[in-house]
file my_file.cif (mmCIF, C-alpha atoms)
data_target
#
loop_
_atom_site.label_atom_id
_atom_site.label_comp_id
_atom_site.auth_asym_id
_atom_site.auth_seq_id
_atom_site.Cartn_x
_atom_site.Cartn_y
_atom_site.Cartn_z
CA MET E 1 0.00 0.00 0.00
CA ASP E 2 1.25 3.44 -0.90
CA ARG E 3 1.34 5.47 2.27
CA ALA E 4 2.64 8.74 0.99
CA GLY E 5 1.59 12.18 2.11
CA ALA E 6 3.00 15.66 2.02
CA GLY E 7 6.25 15.37 3.91
CA ALA E 8 6.60 11.60 3.53
CA VAL E 9 9.19 11.78 0.76
CA ASP E 10 11.05 14.96 -0.07
CA ALA E 11 12.16 16.16 -3.49
CA HIS E 12 15.44 14.27 -3.16
CA GLY E 13 13.85 10.96 -2.27
CA GLY E 14 14.64 11.25 1.42
CA THR E 15 12.05 10.97 4.12
CA ARG E 16 10.96 13.61 6.54
CA SER E 17 8.13 14.06 8.98
CA ALA E 18 4.85 15.74 8.14
CA PRO E 19 4.98 19.53 8.28
CA LEU E 20 3.11 21.09 11.17
CA VAL E 21 3.47 24.72 10.15
CA GLY E 22 1.38 26.28 7.42
CA ARG E 23 0.72 29.79 6.12
CA ARG E 24 -1.10 31.08 9.18
CA VAL E 25 -1.08 28.35 11.80
CA ARG E 26 1.17 25.90 13.53
CA LEU E 27 0.32 22.70 15.40
CA ARG E 28 2.12 21.80 18.58
CA PRO E 29 1.64 19.09 21.19
CA VAL E 30 -0.69 19.76 24.10
CA GLN E 31 1.10 20.85 27.27
CA PRO E 32 -0.26 20.92 30.83
CA SER E 33 -0.27 24.71 30.56
CA ASP E 34 -2.93 24.35 27.84
CA TYR E 35 -5.47 22.57 30.03
CA GLU E 36 -7.23 25.71 31.17
CA TYR E 37 -7.52 26.96 27.60
CA LEU E 38 -8.77 23.59 26.33
CA TYR E 39 -11.35 23.40 29.12
CA ALA E 40 -12.62 26.87 28.25
CA LEU E 41 -12.76 25.95 24.56
CA ALA E 42 -14.55 22.66 25.17
CA THR E 43 -17.17 24.31 27.36
CA ASP E 44 -17.64 27.39 25.18
CA ASP E 45 -21.32 28.04 24.42
CA GLU E 46 -20.84 27.67 20.69
CA VAL E 47 -18.67 24.58 20.93
CA SER E 48 -19.79 22.48 23.87
CA HIS E 49 -22.91 21.06 22.23
CA ARG E 50 -20.91 19.46 19.43
CA TRP E 51 -17.76 18.53 21.28
CA ARG E 52 -17.31 15.38 23.32
CA PHE E 53 -18.91 16.69 26.50
CA ARG E 54 -22.11 17.64 24.69
CA GLY E 55 -23.04 20.53 26.91
CA THR E 56 -21.97 19.07 30.23
CA THR E 57 -19.25 20.70 32.31
CA PRO E 58 -16.95 18.02 33.74
CA SER E 59 -14.71 18.95 36.63
CA PRO E 60 -11.33 20.26 35.51
CA ASP E 61 -9.65 17.14 36.91
CA ALA E 62 -12.03 14.82 35.08
CA PHE E 63 -11.54 16.89 31.95
CA VAL E 64 -7.79 16.30 31.96
CA GLN E 65 -8.24 12.56 32.46
CA LEU E 66 -10.75 12.36 29.64
CA LEU E 67 -8.52 14.45 27.43
CA TRP E 68 -5.88 11.72 27.32
CA GLN E 69 -8.21 8.73 27.35
CA HIS E 70 -7.65 6.58 24.23
CA SER E 71 -5.68 9.44 22.72
CA VAL E 72 -3.37 8.82 19.75
CA VAL E 73 -2.17 12.35 19.15
CA GLN E 74 -3.44 15.82 19.97
CA PHE E 75 -2.33 19.26 19.02
CA VAL E 76 -3.08 22.78 20.03
CA VAL E 77 -3.53 25.06 17.02
CA GLU E 78 -1.63 28.31 17.29
CA HIS E 79 -1.85 31.40 15.15
CA LYS E 80 1.68 31.80 13.81
CA GLU E 81 1.89 35.56 13.91
CA SER E 82 0.43 36.19 17.34
CA GLY E 83 1.03 32.86 19.07
CA ARG E 84 -2.63 32.91 20.10
CA ARG E 85 -4.25 29.49 20.61
CA ILE E 86 -7.18 29.02 18.27
CA GLY E 87 -8.11 25.36 18.42
CA HIS E 88 -7.62 21.77 19.41
CA LEU E 89 -7.21 18.72 17.18
CA SER E 90 -7.25 15.15 18.42
CA ALA E 91 -7.09 11.60 17.13
CA PHE E 92 -8.44 8.90 19.40
CA ASN E 93 -9.95 5.42 19.64
CA ALA E 94 -7.57 3.94 17.09
CA ASP E 95 -8.16 0.45 15.75
CA ASP E 96 -4.69 -0.63 14.65
CA ARG E 97 -5.84 -3.99 13.38
CA ASN E 98 -8.24 -2.42 10.92
CA GLY E 99 -6.36 0.78 10.26
CA TRP E 100 -8.68 3.52 11.35
CA CYS E 101 -9.20 6.02 14.12
CA HIS E 102 -11.51 8.88 15.05
CA ILE E 103 -10.69 12.55 14.88
CA GLY E 104 -11.99 15.55 16.80
CA VAL E 105 -11.67 19.14 15.65
CA VAL E 106 -12.49 22.29 17.59
CA ILE E 107 -11.64 25.67 16.14
CA ASP E 108 -12.44 29.03 17.74
CA PRO E 109 -15.97 29.69 16.46
CA ALA E 110 -15.12 33.31 15.74
CA LEU E 111 -12.71 32.16 13.02
CA SER E 112 -14.97 29.75 11.20
CA ARG E 113 -16.61 32.26 8.88
CA THR E 114 -13.60 33.02 6.70
CA GLY E 115 -12.33 29.48 6.54
CA TRP E 116 -8.63 30.16 6.91
CA ALA E 117 -8.35 28.17 10.12
CA LEU E 118 -9.18 25.02 8.13
CA GLU E 119 -5.52 25.04 7.24
CA SER E 120 -4.89 23.46 10.62
CA ILE E 121 -7.15 20.53 9.78
CA ALA E 122 -5.30 19.91 6.53
CA LEU E 123 -1.99 19.80 8.40
CA PHE E 124 -3.48 17.48 11.00
CA LEU E 125 -4.97 14.99 8.53
CA ASN E 126 -1.71 14.96 6.63
CA HIS E 127 0.18 14.27 9.84
CA LEU E 128 -2.08 11.33 10.64
CA PHE E 129 -1.71 9.76 7.21
CA VAL E 130 2.06 10.33 7.05
CA THR E 131 2.89 9.29 10.59
CA PHE E 132 0.50 6.40 11.11
CA GLY E 133 -0.70 3.59 8.89
CA PHE E 134 -4.37 4.53 8.98
CA ARG E 135 -6.51 3.66 5.96
CA LYS E 136 -9.32 5.91 7.01
CA LEU E 137 -10.23 8.48 9.60
CA TYR E 138 -13.70 8.97 11.00
CA GLY E 139 -15.33 12.19 12.06
CA GLU E 140 -18.81 12.69 13.43
CA VAL E 141 -20.70 15.94 13.11
CA LEU E 142 -24.17 17.03 14.03
CA GLU E 143 -26.38 18.08 11.16
CA PRO E 144 -26.05 21.87 11.73
CA ALA E 145 -22.24 21.66 11.65
CA PHE E 146 -22.30 19.38 8.62
CA ALA E 147 -24.00 22.11 6.60
CA ASP E 148 -20.81 24.15 6.86
CA LEU E 149 -18.73 21.29 5.43
CA ALA E 150 -21.13 19.75 2.96
CA SER E 151 -19.28 20.82 -0.18
CA GLY E 152 -16.43 18.48 0.76
CA ALA E 153 -18.53 15.34 0.38
CA GLY E 154 -17.26 13.12 -2.40
CA ARG E 155 -14.03 15.05 -2.80
CA TRP E 156 -12.46 15.41 0.63
CA PHE E 157 -14.53 12.91 2.59
CA ARG E 158 -17.30 10.40 2.13
CA VAL E 159 -20.54 10.35 4.09
CA GLU E 160 -20.75 6.82 5.42
CA GLY E 161 -23.56 7.06 7.88
CA ARG E 162 -26.37 9.13 9.22
CA LEU E 163 -27.91 8.38 12.58
CA GLU E 164 -31.29 10.02 12.36
CA ARG E 165 -32.51 12.17 15.23
CA HIS E 166 -29.58 10.92 17.22
CA GLU E 167 -28.69 13.76 19.55
CA PHE E 168 -30.67 16.33 21.46
CA PHE E 169 -29.53 19.92 21.17
CA ALA E 170 -31.26 23.32 21.18
CA GLY E 171 -34.65 21.87 21.88
CA ARG E 172 -34.79 19.15 19.26
CA TYR E 173 -33.13 15.98 17.99
CA TRP E 174 -30.59 16.23 15.18
CA ASP E 175 -29.01 13.73 12.82
CA LEU E 176 -25.43 12.70 13.46
CA VAL E 177 -23.45 12.43 10.23
CA VAL E 178 -20.52 9.99 10.06
CA LEU E 179 -17.74 11.12 7.73
CA ALA E 180 -14.83 8.99 6.52
CA LEU E 181 -11.60 10.37 5.14
CA TYR E 182 -9.78 7.82 3.01
CA ARG E 183 -6.04 7.71 2.47
CA GLU E 184 -6.45 7.56 -1.31
CA ASP E 185 -8.71 10.61 -1.30
CA TRP E 186 -6.19 12.45 0.83
CA GLU E 187 -3.31 11.58 -1.48
CA ARG E 188 -5.28 12.90 -4.46
CA GLU E 189 -6.62 16.11 -2.91
CA GLY E 190 -4.90 16.76 0.38
CA VAL E 191 -1.24 16.18 -0.37
CA PRO E 192 -1.05 18.85 -3.11
CA LEU E 193 -2.94 21.23 -0.83
CA VAL E 194 -0.54 20.73 2.07
CA GLU E 195 2.42 21.19 -0.26
CA LYS E 196 1.00 24.58 -1.21
CA LEU E 197 0.34 25.53 2.39
CA THR E 198 3.80 24.63 3.59
CA ASN E 199 5.96 25.95 0.76
CA PRO E 200 7.18 29.56 0.65
CA PRO E 201 4.71 31.97 -0.98
CA LYS E 202 5.09 32.49 -4.71
CA PRO E 203 5.95 35.89 -6.16
CA PRO E 204 2.90 37.77 -7.45
CA ILE E 205 1.50 36.14 -10.56
CA GLY E 206 -0.14 37.99 -13.40
CA ARG E 207 0.09 37.94 -17.14
CA PRO E 208 3.55 38.82 -18.51
CA MET S 209 6.16 44.13 -14.78
CA SER S 210 3.24 41.73 -15.07
CA THR S 211 -0.37 42.60 -15.78
CA PRO S 212 -2.88 41.30 -13.25
CA LEU S 213 -5.18 38.51 -14.30
CA SER S 214 -8.48 39.84 -15.57
CA ILE S 215 -11.56 39.16 -13.48
CA ASP S 216 -12.53 36.38 -15.90
CA GLU S 217 -9.09 34.79 -15.65
CA PHE S 218 -9.19 35.15 -11.88
CA ARG S 219 -12.62 33.55 -11.82
CA ALA S 220 -11.46 30.64 -13.99
CA HIS S 221 -8.49 30.08 -11.67
CA ALA S 222 -10.71 30.11 -8.57
CA ALA S 223 -13.36 27.88 -10.14
CA ALA S 224 -10.73 25.29 -11.09
CA ALA S 225 -9.49 25.19 -7.49
CA LEU S 226 -13.05 24.78 -6.25
CA GLY S 227 -13.85 22.10 -8.80
CA ILE S 228 -16.79 24.03 -10.24
CA ASP S 229 -17.68 25.62 -13.56
CA PRO S 230 -16.76 29.34 -13.76
CA ALA S 231 -20.38 30.05 -14.64
CA GLU S 232 -21.28 28.90 -11.13
CA LEU S 233 -19.15 31.70 -9.70
CA PRO S 234 -20.72 35.05 -10.58
CA VAL S 235 -18.20 37.73 -9.69
CA ASP S 236 -20.61 40.01 -7.85
CA ALA S 237 -22.54 37.35 -5.95
CA ASP S 238 -22.14 37.20 -2.19
CA LEU S 239 -20.15 34.02 -1.68
CA ARG S 240 -21.89 33.03 1.54
CA ALA S 241 -25.34 34.54 1.22
CA ASP S 242 -25.99 34.07 -2.50
CA LEU S 243 -23.81 31.11 -3.45
CA GLY S 244 -24.05 29.29 -0.14
CA PHE S 245 -20.31 28.81 0.19
CA ASP S 246 -19.36 26.79 3.24
CA SER S 247 -16.09 26.93 5.19
CA ILE S 248 -14.33 24.46 2.90
CA GLN S 249 -15.15 26.50 -0.19
CA MET S 250 -14.10 29.75 1.48
CA PHE S 251 -10.82 28.15 2.48
CA LEU S 252 -10.13 26.72 -0.99
CA LEU S 253 -10.93 30.07 -2.55
CA LEU S 254 -8.47 31.80 -0.24
CA VAL S 255 -5.75 29.26 -1.02
CA ALA S 256 -6.37 29.68 -4.77
CA ALA S 257 -6.18 33.47 -4.54
CA GLU S 258 -2.99 33.28 -2.49
CA ASP S 259 -1.48 30.90 -5.03
CA LEU S 260 -1.23 34.00 -7.20
CA GLY S 261 1.34 35.37 -4.78
CA VAL S 262 -0.96 37.58 -2.75
CA THR S 263 -1.32 37.26 1.00
CA PHE S 264 -4.70 38.40 2.25
CA PRO S 265 -4.51 40.01 5.70
CA GLU S 266 -6.76 38.18 8.14
CA ALA S 267 -8.43 41.42 9.16
CA LEU S 268 -9.55 41.83 5.56
CA LEU S 269 -11.02 38.36 5.15
CA PRO S 270 -14.39 39.01 6.83
CA GLN S 271 -14.89 41.89 4.38
CA LEU S 272 -14.30 39.77 1.28
CA ARG S 273 -17.86 39.06 0.30
CA THR S 274 -17.58 38.54 -3.44
CA LEU S 275 -15.08 37.23 -5.94
CA ALA S 276 -14.82 40.78 -7.25
CA ASP S 277 -13.68 41.89 -3.78
CA ALA S 278 -10.91 39.28 -3.83
CA HIS S 279 -9.89 40.24 -7.36
CA HIS S 280 -9.81 43.91 -6.39
CA TYR S 281 -7.42 43.22 -3.53
CA TYR S 282 -5.27 40.99 -5.75
CA VAL S 283 -4.97 43.71 -8.41
CA GLN S 284 -4.13 46.38 -5.85
CA HIS S 285 -1.56 44.15 -4.17
CA LEU S 286 0.06 43.20 -7.48
CA ALA S 287 0.28 46.85 -8.51
CA HIS S 288 1.93 47.62 -5.18
CA ARG S 289 4.51 44.87 -5.57
CA THR S 290 5.54 45.43 -9.18
#
call {"tool": "encode", "arguments": {"input": "my_file.cif", "output": "structure tokens"}}
result
Amino acid sequence: MDRAGAGAVDAHGGTRSAPLVGRRVRLRPVQPSDYEYLYALATDDEVSHRWRFRGTTPSPDAFVQLLWQHSVVQFVVEHKESGRRIGHLSAFNADDRNGWCHIGVVIDPALSRTGWALESIALFLNHLFVTFGFRKLYGEVLEPAFADLASGAGRWFRVEGRLERHEFFAGRYWDLVVLALYREDWEREGVPLVEKLTNPPKPPIGRP
Amino acid sequence: MSTPLSIDEFRAHAAAALGIDPAELPVDADLRADLGFDSIQMFLLLVAAEDLGVTFPEALLPQLRTLADAHHYYVQHLAHRT
């Protein structure tokens, strides 16, 4: 099986690790000093209903234990220029025998409108495919959040399940959509994207 | 000195990156409100525009409502750099 990704093989045929720094963001491992930030992010009004705690507020101690439970890798997303933390990415519940794991993504809701913070997700997916042998990665999103990603279906991910009226939020039950990101889809679409994001900017391009 | 891409050339470049027909990308349509762009499409559009060597300041991004807005910034930036 071809397990390439951006960063797996460099231009000279050597190997190197997946890049974790893009145009506007960098990923770095979670440190104990991040716990307070991650707790605030996970319990934010706009985030908590779709993140793992689903609106509950676990104790800070329980939060830290749960944070590392079944964890494969997690990163804090930092804005390169300011150093400000803007999100949390995690891979968990890996099934090594069958080559898959689950991913969780939380980005500061204030940044979602313009889309640029999605760069961090591209770097993260690339890291998972380059560093581990996963065939596919699963994400689960509630119907309202899926609407903001729907254009990616068929190109970036495949919709592999829909649990109807699965979760209660904002006074009603919503569908839970199960997304799968396949290695072959990533190699076709994601690797060229990450190469763009991690290479130096081009000089301005116009017509000669 | 290079001449900036025309709005039609810019639109064709962006549409190719988005995997859509240029006709589906009217230059004056509001990307979110009229065309229903989601976060993935906004991100891919930004990457495509920046592939032309222009870095869009983050403070400007919430104000980019149309493809024409993005082209306008690209043209201004190119003129500034050349």
call {"tool": "closest_atom_pairs", "arguments": {"input": "my_file.cif", "of": "chain S", "to": "chain E", "cutoff": "8 Å", "atoms": "only C-alpha atoms", "output": "JSON lines"}}
result
{"residue": "S:Met209", "atom": "CA", "partner": "E:Pro208", "partner_atom": "CA", "distance": 7.0}
{"residue": "S:Ser210", "atom": "CA", "partner": "E:Pro208", "partner_atom": "CA", "distance": 4.5}
{"residue": "S:Thr211", "atom": "CA", "partner": "E:Arg207", "partner_atom": "CA", "distance": 4.9}
{"residue": "S:Pro212", "atom": "CA", "partner": "E:Gly206", "partner_atom": "CA", "distance": 4.3}
{"residue": "S:Leu213", "atom": "CA", "partner": "E:Gly206", "partner_atom": "CA", "distance": 5.1}
{"residue": "S:Asp246", "atom": "CA", "partner": "E:Asp148", "partner_atom": "CA", "distance": 4.7}
{"residue": "S:Ser247", "atom": "CA", "partner": "E:Gly115", "partner_atom": "CA", "distance": 4.7}
{"residue": "S:Ile248", "atom": "CA", "partner": "E:Leu149", "partner_atom": "CA", "distance": 6.0}
{"residue": "S:Gln249", "atom": "CA", "partner": "E:Ser151", "partner_atom": "CA", "distance": 7.0}
{"residue": "S:Met250", "atom": "CA", "partner": "E:Gly115", "partner_atom": "CA", "distance": 5.4}
{"residue": "S:Phe251", "atom": "CA", "partner": "E:Gly115", "partner_atom": "CA", "distance": 4.5}
{"residue": "S:Leu254", "atom": "CA", "partner": "E:Trp116", "partner_atom": "CA", "distance": 7.3}
{"residue": "S:Val255", "atom": "CA", "partner": "E:Leu197", "partner_atom": "CA", "distance": 7.9}
{"residue": "S:Glu258", "atom": "CA", "partner": "E:Pro201", "partner_atom": "CA", "distance": 8.0}
{"residue": "S:Asp259", "atom": "CA", "partner": "E:Lys202", "partner_atom": "CA", "distance": 6.8}
{"residue": "S:Leu260", "atom": "CA", "partner": "E:Ile205", "partner_atom": "CA", "distance": 4.8}
{"residue": "S:Gly261", "atom": "CA", "partner": "E:Pro204", "partner_atom": "CA", "distance": 3.9}
{"residue": "S:Val262", "atom": "CA", "partner": "E:Pro204", "partner_atom": "CA", "distance": 6.1}
{"residue": "S:Leu269", "atom": "CA", "partner": "E:Thr114", "partner_atom": "CA", "distance": 6.1}
{"residue": "S:Pro270", "atom": "CA", "partner": "E:Thr114", "partner_atom": "CA", "distance": 6.0}
{"residue": "S:Leu286", "atom": "CA", "partner": "E:Pro204", "partner_atom": "CA", "distance": 6.1}
{"residue": "S:Arg289", "atom": "CA", "partner": "E:Pro204", "partner_atom": "CA", "distance": 7.5}
call {"tool": "write_last_selection", "arguments": {"input": "my_file.cif", "atoms": "C-alpha atoms", "output": "CSV table (one decimal), keeping the file's coordinate frame"}}
result
chain,number,residue,atom,x,y,z
S,209,MET,CA,6.2,44.1,-14.8
S,210,SER,CA,3.2,41.7,-15.1
S,211,THR,CA,-0.4,42.6,-15.8
S,212,PRO,CA,-2.9,41.3,-13.2
S,213,LEU,CA,-5.2,38.5,-14.3
S,246,ASP,CA,-19.4,26.8,3.2
S,247,SER,CA,-16.1,26.9,5.2
S,248,ILE,CA,-14.3,24.5,2.9
S,249,GLN,CA,-15.2,26.5,-0.2
S,250,MET,CA,-14.1,29.8,1.5
S,251,PHE,CA,-10.8,28.2,2.5
S,254,LEU,CA,-8.5,31.8,-0.2
S,255,VAL,CA,-5.8,29.3,-1.0
S,258,GLU,CA,-3.0,33.3,-2.5
S,259,ASP,CA,-1.5,30.9,-5.0
S,260,LEU,CA,-1.2,34.0,-7.2
S,261,GLY,CA,1.3,35.4,-4.8
S,262,VAL,CA,-1.0,37.6,-2.8
S,269,LEU,CA,-11.0,38.4,5.2
S,270,PRO,CA,-14.4,39.0,6.8
S,286,LEU,CA,0.1,43.2,-7.5
S,289,ARG,CA,4.5,44.9,-5.6
call {"tool": "resolve_selection", "arguments": {"input": "my_file.cif", "expression": "the PyMOL selection byres ((chain E and resi 133) around 12)", "output": "ChimeraX atom specification"}}
result
/E:1-5,94-101,126-132,134-137,182-183
call {"tool": "atom_distance", "arguments": {"input": "my_file.cif", "atom1": "atom CA of Gly161 of chain E", "atom2": "atom CA of Ile121 of chain E"}}
result
21.3 Å
call {"tool": "closest_residue", "arguments": {"input": "my_file.cif", "among": "E:Val30, E:Leu123, E:Leu67, E:Val25", "to": "His79 of chain E", "atoms": "only C-alpha atoms"}}
result
E:Val25
call {"tool": "axis_aligned_box", "arguments": {"input": "my_file.cif", "around": "segment 246-259 of chain S", "padding_each_side": "3 Å", "output": "JSON"}}
result
{"center_x": -10.4, "center_y": 29.0, "center_z": 0.1, "size_x": 23.9, "size_y": 15.0, "size_z": 16.2}
call {"tool": "residues_around", "arguments": {"input": "my_file.cif", "residues": "Thr274 of chain S", "least_positions_apart": "2", "cutoff": "10 Å", "atoms": "only C-alpha atoms", "output": "short mmCIF file (atom, residue, chain, number, x, y, z; two decimals) with C-alpha atoms, in the coordinates of the input"}}
result
data_model
loop_
_atom_site.label_atom_id
_atom_site.label_comp_id
_atom_site.auth_asym_id
_atom_site.auth_seq_id
_atom_site.Cartn_x
_atom_site.Cartn_y
_atom_site.Cartn_z
CA LEU S 233 -19.15 31.70 -9.70
CA PRO S 234 -20.72 35.05 -10.58
CA VAL S 235 -18.20 37.73 -9.69
CA ASP S 236 -20.61 40.01 -7.85
CA ALA S 237 -22.54 37.35 -5.95
CA ASP S 238 -22.14 37.20 -2.19
CA LEU S 239 -20.15 34.02 -1.68
CA ARG S 240 -21.89 33.03 1.54
CA ALA S 241 -25.34 34.54 1.22
CA ASP S 242 -25.99 34.07 -2.50
CA LEU S 243 -23.81 31.11 -3.45
CA GLN S 271 -14.89 41.89 4.38
CA LEU S 272 -14.30 39.77 1.28
CA ALA S 276 -14.82 40.78 -7.25
CA ASP S 277 -13.68 41.89 -3.78
CA ALA S 278 -10.91 39.28 -3.83
CA HIS S 279 -9.89 40.24 -7.36
CA HIS S 280 -9.81 43.91 -6.39
#
call {"tool": "residues_around", "arguments": {"input": "my_file.cif", "residues": "segment 88-93 of chain E", "least_positions_apart": "4", "cutoff": "9 Å", "atoms": "all atoms listed in the file", "output": "VMD selection string"}}
result
chain E and resid 27 30 38 41 68 to 77 100 to 108 120 to 121 124 128 137
call {"tool": "atom_distance", "arguments": {"input": "my_file.cif", "atom1": "atom CA of Pro19 of chain E", "atom2": "atom CA of Thr198 of chain E"}}
result
7.0 Å
call {"tool": "atom_distance", "arguments": {"input": "my_file.cif", "atom1": "atom CA of Arg273 of chain S", "atom2": "atom CA of Ala223 of chain S"}}
result
15.9 Å
call {"tool": "resolve_selection", "arguments": {"input": "my_file.cif", "expression": "the PyMOL selection byres ((chain S and resi 225) around 9)", "output": "MDAnalysis selection string"}}
result
chainID S and resid 220:224 226:228 252:253 255:256
call {"tool": "write_last_selection", "arguments": {"input": "my_file.cif", "atoms": "C-alpha atoms", "output": "PDB file, in the frame of the given file"}}
result
ATOM      1  CA  ALA S 220     -11.460  30.640 -13.990  1.00  0.00           C
ATOM      2  CA  HIS S 221      -8.490  30.080 -11.670  1.00  0.00           C
ATOM      3  CA  ALA S 222     -10.710  30.110  -8.570  1.00  0.00           C
ATOM      4  CA  ALA S 223     -13.360  27.880 -10.140  1.00  0.00           C
ATOM      5  CA  ALA S 224     -10.730  25.290 -11.090  1.00  0.00           C
ATOM      6  CA  LEU S 226     -13.050  24.780  -6.250  1.00  0.00           C
ATOM      7  CA  GLY S 227     -13.850  22.100  -8.800  1.00  0.00           C
ATOM      8  CA  ILE S 228     -16.790  24.030 -10.240  1.00  0.00           C
ATOM      9  CA  LEU S 252     -10.130  26.720  -0.990  1.00  0.00           C
ATOM     10  CA  LEU S 253     -10.930  30.070  -2.550  1.00  0.00           C
ATOM     11  CA  VAL S 255      -5.750  29.260  -1.020  1.00  0.00           C
ATOM     12  CA  ALA S 256      -6.370  29.680  -4.770  1.00  0.00           C
TER      13      ALA S 256
END
call {"tool": "build_atoms", "arguments": {"input": "my_file.cif", "residues": "segment 244-259 of chain S", "atoms": "N, CA and C atoms", "output": "mmCIF file, in the coordinates of the input"}}
result
data_model
loop_
_atom_site.group_PDB
_atom_site.id
_atom_site.type_symbol
_atom_site.label_atom_id
_atom_site.label_comp_id
_atom_site.auth_asym_id
_atom_site.auth_seq_id
_atom_site.Cartn_x
_atom_site.Cartn_y
_atom_site.Cartn_z
ATOM 1 N N GLY S 244 -24.000 30.320 -1.174
ATOM 2 C CA GLY S 244 -24.050 29.290 -0.140
ATOM 3 C C GLY S 244 -22.701 28.639 0.139
ATOM 4 N N PHE S 245 -21.637 29.379 -0.072
ATOM 5 C CA PHE S 245 -20.310 28.810 0.190
ATOM 6 C C PHE S 245 -20.195 28.397 1.658
ATOM 7 N N ASP S 246 -19.629 27.230 1.872
ATOM 8 C CA ASP S 246 -19.360 26.790 3.240
ATOM 9 C C ASP S 246 -17.886 27.065 3.569
ATOM 10 N N SER S 247 -17.456 26.612 4.756
ATOM 11 C CA SER S 247 -16.090 26.930 5.190
ATOM 12 C C SER S 247 -15.040 26.315 4.280
ATOM 13 N N ILE S 248 -15.307 25.118 3.783
ATOM 14 C CA ILE S 248 -14.330 24.460 2.900
ATOM 15 C C ILE S 248 -14.154 25.271 1.623
ATOM 16 N N GLN S 249 -15.241 25.717 1.048
ATOM 17 C CA GLN S 249 -15.150 26.500 -0.190
ATOM 18 C C GLN S 249 -14.456 27.846 0.051
ATOM 19 N N MET S 250 -14.763 28.485 1.180
ATOM 20 C CA MET S 250 -14.100 29.750 1.480
ATOM 21 C C MET S 250 -12.588 29.541 1.634
ATOM 22 N N PHE S 251 -12.234 28.455 2.281
ATOM 23 C CA PHE S 251 -10.820 28.150 2.480
ATOM 24 C C PHE S 251 -10.120 27.874 1.145
ATOM 25 N N LEU S 252 -10.742 27.055 0.296
ATOM 26 C CA LEU S 252 -10.130 26.720 -0.990
ATOM 27 C C LEU S 252 -10.003 27.962 -1.882
ATOM 28 N N LEU S 253 -10.984 28.833 -1.781
ATOM 29 C CA LEU S 253 -10.930 30.070 -2.550
ATOM 30 C C LEU S 253 -9.757 30.940 -2.090
ATOM 31 N N LEU S 254 -9.582 31.022 -0.788
ATOM 32 C CA LEU S 254 -8.470 31.800 -0.240
ATOM 33 C C LEU S 254 -7.130 31.219 -0.686
ATOM 34 N N VAL S 255 -7.004 29.897 -0.610
ATOM 35 C CA VAL S 255 -5.750 29.260 -1.020
ATOM 36 C C VAL S 255 -5.484 29.534 -2.503
ATOM 37 N N ALA S 256 -6.532 29.444 -3.321
ATOM 38 C CA ALA S 256 -6.370 29.680 -4.770
ATOM 39 C C ALA S 256 -5.928 31.114 -5.031
ATOM 40 N N ALA S 257 -6.548 32.061 -4.336
ATOM 41 C CA ALA S 257 -6.180 33.470 -4.540
ATOM 42 C C ALA S 257 -4.736 33.701 -4.091
ATOM 43 N N GLU S 258 -4.350 33.081 -2.989
ATOM 44 C CA GLU S 258 -2.990 33.280 -2.490
ATOM 45 C C GLU S 258 -1.952 32.533 -3.330
ATOM 46 N N ASP S 259 -2.403 31.555 -4.098
ATOM 47 C CA ASP S 259 -1.480 30.900 -5.030
ATOM 48 C C ASP S 259 -0.982 31.864 -6.097
#
